[in-house]
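> Got a structure for you, written out below as structure tokens; questions coming shortly.
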Amino acid sequence: MWRKASVAALLALAVGYLYYGSPELPEQILQYISLPNIQSPSQNSPNSQKSVEQLISAAWEALITLPTRQWSKVAVGVNACVDVVLSGVGLLQALAVDPGVGLDHEVLHSKEDLREAFIHYMERGAAAERFFSDKEVFQRIARAAAEYPGAKLYVGGNAALIGQKLATYPDLMVLLCGPVGPKLHEMLDEQIVVPPESLQETDEYHLILEYKAGEQWGSIQAPQANRFIFSHDVSNGAMSSLETFVASLDDFQPELVVLSGLHMMEGQGRQLWEERLKEAVSAISDIRRDVPIHLELASMTDKDYMNSIMQEQVMPIVSSIGLNEQELLFLSQAGEGPHSDLAAWKGIPDMGRVSDILLWILEQHGRSDPSSEADLTRIHFHTLAYHILATVDGYWGNQAAAVMAGARVASSQSCGLQTVDVSKVELKAPLDFHSSHSEPREKLSLNPAEPVTVWRRGNVTFHMTPVLVCKQPLRTVGLGDAISAEGLIYSELKTQQPF
């Protein structure tokens, strides 16, 4: 009884102090008073203590599921090589090259061209790939690269990298066609089948000059981690394995064909690529119409060449493409599409602008019009901060899982891990954005607990998910290939009609 009375007296005294404006209660009173722990409803919810990155990663694990009908055989071709990966600034310093002003070159002819092109892309934090025309100079640079401390050898070439990623699924049989030398053959996954006709006595080497976010060279500072790739690769440059690839499909009987390496022909000169592109289209046209073809694009600079791929020849006969922000904008510039007046993206590409270009591709060069003879119905777009899958309605299923799977592998692989470590990644994608850059447009938002935002424009559906960007990426090479491969693994054809 006396305890209750004393507690009441203490509370009355406390109220008195507060009422008369005392800034602090005496410590003797506070030790007797235990105020109830009042929290807002959001603080009591299970997700309230989780970071945005934790919410997204947990949602990916819960929502990413394989499709009902999965591929059992995938054929991949036709570019393959050995990548020599090293510090770009380190190699150029070893070659006694000084930093200077950046300048892009469609084809590299000298060490000076290499320096200027490397600086041009490093200061933008952008990826690029170029052909080095002088064989002897390239071989001297390649020797210096191989001897550089810390240089590493990896499986290279879009086709080989996609094949390697697909081969991580034990129930999937993978055929790889490309110029496979002894070193590359030794490094390939045992599950990959290489036709004897694809084996050659020597390897093709590509030099991958990497730079880190914030890395400096002279007055240049990289805004983000990326890489600059160059080679003197004649076998891949002429797509010499293409006919072997197509001929091997009759015996292998794949359910999906993945094609890459077209960008390698650009450096061979107009006369060669015009002739070879016609032969390539003829060969690709021999693939059975009921087998979907995914085309993986890569860095290009020749607008005429891109137009030939896009309008006249290749793009109408493939059913899916994969590309990044540079390739998307260049494709629009070459075809005078939406936002082609942009010289380059500034920072994170605006989702409304990206959406406009993706829609334009599917309307102008795809089958968004049911009466169109084009086969293109799917585009997998990836940039550092987010990915978008745009599909014509009625052809592809499980695309929410597919786009999330691609983002998840980007988040883990860039950190050199098998799974996402939320302490090593960060969200850079905006939480609010628009479906188009121009009116009419829809205001959209990202819910981290359900990290796929979906919108429709006509009969095209867009699925967007953020990437949890690695704070200190260990390796950026091959990320686009891993993203596209993972997206295809989780994709399902809705119809069995011929493409």
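Within each chain, counting starts at residue 1; across the structure tokens, chains are named A, B, ... in the order shown, with ligands numbered 1 upward in that order.
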Within 9 Å of Leu427 (chain A), counting only C-alpha atoms, which residues show up once you throw out same-chain ones fewer than 4 positions away? Write them as a ChimeraX atom specification, please.
/A:52-53,385,466-469
> Given only C-alpha atoms, how would the per-residue table for region 362-457 of chain A near region 58-63 of chain A read, listing every residue at most 10 Å away with its closest atom pair and distance in Å to one decimal, sorted by chain and number, as a tab-separated table?

```
residue	atom	partner	partner_atom	distance
A:Ala400	CA	A:Leu63	CA	8.6
A:Ala401	CA	A:Leu63	CA	6.7
A:Met404	CA	A:Trp60	CA	6.4
A:Ala405	CA	A:Trp60	CA	7.6
A:Ala407	CA	A:Trp60	CA	9.2
A:Arg408	CA	A:Trp60	CA	7.4
A:Val420	CA	A:Ala58	CA	9.7
A:Val422	CA	A:Ala58	CA	9.8
A:Pro448	CA	A:Ala59	CA	7.8
A:Ala449	CA	A:Ala59	CA	5.8
A:Glu450	CA	A:Ala59	CA	6.2
A:Pro451	CA	A:Ala59	CA	6.9
A:Val452	CA	A:Trp60	CA	9.4
```
> Keeping only N, CA, C and O atoms, write those residues as a PDB file, in the first residue's frame.

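Here's the written file part18.pdb:
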```pdb
ATOM      1  N   ALA A 400       9.656 -11.871 -64.266  1.00  0.00           N
ATOM      2  CA  ALA A 400       9.979 -11.218 -62.984  1.00  0.00           C
ATOM      3  C   ALA A 400      11.142 -11.949 -62.311  1.00  0.00           C
ATOM      4  O   ALA A 400      12.119 -11.330 -61.860  1.00  0.00           O
ATOM      5  N   ALA A 401      11.055 -13.278 -62.268  1.00  0.00           N
ATOM      6  CA  ALA A 401      12.145 -14.078 -61.687  1.00  0.00           C
ATOM      7  C   ALA A 401      13.414 -13.936 -62.511  1.00  0.00           C
ATOM      8  O   ALA A 401      14.525 -13.858 -61.968  1.00  0.00           O
ATOM      9  N   MET A 404      15.175 -10.555 -61.841  1.00  0.00           N
ATOM     10  CA  MET A 404      15.757 -10.579 -60.496  1.00  0.00           C
ATOM     11  C   MET A 404      16.988 -11.486 -60.448  1.00  0.00           C
ATOM     12  O   MET A 404      17.985 -11.158 -59.795  1.00  0.00           O
ATOM     13  N   ALA A 405      16.928 -12.617 -61.136  1.00  0.00           N
ATOM     14  CA  ALA A 405      18.060 -13.546 -61.147  1.00  0.00           C
ATOM     15  C   ALA A 405      19.286 -12.894 -61.782  1.00  0.00           C
ATOM     16  O   ALA A 405      20.413 -13.068 -61.300  1.00  0.00           O
ATOM     17  N   ALA A 407      19.951  -9.645 -61.842  1.00  0.00           N
ATOM     18  CA  ALA A 407      20.458  -8.631 -60.904  1.00  0.00           C
ATOM     19  C   ALA A 407      21.192  -9.288 -59.732  1.00  0.00           C
ATOM     20  O   ALA A 407      22.220  -8.787 -59.267  1.00  0.00           O
ATOM     21  N   ARG A 408      20.664 -10.402 -59.268  1.00  0.00           N
ATOM     22  CA  ARG A 408      21.300 -11.098 -58.140  1.00  0.00           C
ATOM     23  C   ARG A 408      22.702 -11.573 -58.496  1.00  0.00           C
ATOM     24  O   ARG A 408      23.644 -11.426 -57.708  1.00  0.00           O
ATOM     25  N   VAL A 420      24.846 -13.052 -52.349  1.00  0.00           N
ATOM     26  CA  VAL A 420      24.903 -11.620 -52.050  1.00  0.00           C
ATOM     27  C   VAL A 420      25.232 -11.406 -50.578  1.00  0.00           C
ATOM     28  O   VAL A 420      24.592 -11.975 -49.693  1.00  0.00           O
ATOM     29  N   VAL A 422      25.056  -8.512 -48.038  1.00  0.00           N
ATOM     30  CA  VAL A 422      24.440  -7.175 -47.972  1.00  0.00           C
ATOM     31  C   VAL A 422      25.357  -6.128 -47.358  1.00  0.00           C
ATOM     32  O   VAL A 422      25.152  -4.928 -47.553  1.00  0.00           O
ATOM     33  N   PRO A 448      11.070  -2.149 -51.933  1.00  0.00           N
ATOM     34  CA  PRO A 448      12.189  -3.059 -51.655  1.00  0.00           C
ATOM     35  C   PRO A 448      11.757  -4.456 -51.210  1.00  0.00           C
ATOM     36  O   PRO A 448      12.482  -5.423 -51.442  1.00  0.00           O
ATOM     37  N   ALA A 449      10.584  -4.572 -50.593  1.00  0.00           N
ATOM     38  CA  ALA A 449      10.107  -5.886 -50.132  1.00  0.00           C
ATOM     39  C   ALA A 449       9.546  -6.719 -51.287  1.00  0.00           C
ATOM     40  O   ALA A 449       9.416  -7.937 -51.172  1.00  0.00           O
ATOM     41  N   GLU A 450       9.205  -6.065 -52.385  1.00  0.00           N
ATOM     42  CA  GLU A 450       8.751  -6.749 -53.612  1.00  0.00           C
ATOM     43  C   GLU A 450       9.466  -6.077 -54.782  1.00  0.00           C
ATOM     44  O   GLU A 450       8.876  -5.304 -55.533  1.00  0.00           O
ATOM     45  N   PRO A 451      10.767  -6.368 -54.954  1.00  0.00           N
ATOM     46  CA  PRO A 451      11.632  -5.521 -55.780  1.00  0.00           C
ATOM     47  C   PRO A 451      11.545  -5.737 -57.294  1.00  0.00           C
ATOM     48  O   PRO A 451      12.560  -5.783 -57.987  1.00  0.00           O
ATOM     49  N   VAL A 452      10.344  -5.865 -57.810  1.00  0.00           N
ATOM     50  CA  VAL A 452      10.145  -5.831 -59.264  1.00  0.00           C
ATOM     51  C   VAL A 452       9.002  -4.864 -59.546  1.00  0.00           C
ATOM     52  O   VAL A 452       7.889  -5.059 -59.061  1.00  0.00           O
TER      53      VAL A 452
END
```
> Neighbouring residues of Val193 (chain A) were defined as those with any atom within 7 Å, considering only C-alpha atoms; residues of the same chain fewer than 5 positions away were excluded. Please report them as a list in words.
Val174, Leu175 and Leu176 of chain A
> Considering only C-alpha atoms, return as a list in words whatever protein or nucleic-acid residues lie within 8 Å of Asp134 (chain A), sequence-local ones (same chain, fewer than 5 positions apart) excluded.
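Counting only the stated atoms, we get His109, Ser110 and His232 of chain A.
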> Select, from A:Met351, A:Met173, A:Ala146, A:Val258, the residue with the minimum atom-to-atom distance to His382 (chain A), counting only C-alpha atoms.
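Using only C-alpha atoms, His382 (chain A) sits closest to A:Met351.
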> If you run DSSP on the backbone here, which positions in region 118-285 of chain A get strand (DSSP E or B)? Please write them as a ChimeraX atom specification.
/A:128-132,152-156,173-177,180,192-193,199,205-211,216-217,220-221,226-231,256-260
> Measure the distance from CA of Met265 (chain A) to CA of Ile483 (chain A) in Å and round it to one decimal.
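We find that CA of Met265 (chain A) and CA of Ile483 (chain A) lie 23.4 Å from each other.
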> Find the residues around Glu492 (chain A) up to 10 Å (only C-alpha atoms counted), leave out those fewer than 2 positions away in its own chain, and share them as a list of chain:residue names.
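Contacts, in chain order: A:Leu66, A:Pro67, A:Thr68, A:Arg69, A:Gln70, A:Trp71, A:Tyr395, A:Trp396, A:Gly397, A:Asn398, A:Gln399, A:Ala402, A:Gly487, A:Leu488, A:Ile489, A:Tyr490, A:Lys494, A:Thr495.
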> Excluding Asp432 (chain A) and its own-chain neighbours fewer than 2 positions away, which residues fall within 7 Å of it when counting only C-alpha atoms? Please give them as a list in words.
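Listing them by chain and then by number gives Pro430, Leu444, Ser445 and Leu446 of chain A.
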> What is the CA of Ala410 (chain A)-CA of Leu362 (chain A) distance in Å, reported with one decimal?
25.1 Å
> At what distance in Å, to one decimal, does CA of Lys73 (chain A) lie from CA of Ser319 (chain A)?
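Interatomic distance, CA of Ser319 (chain A) to CA of Lys73 (chain A): 17.2 Å.
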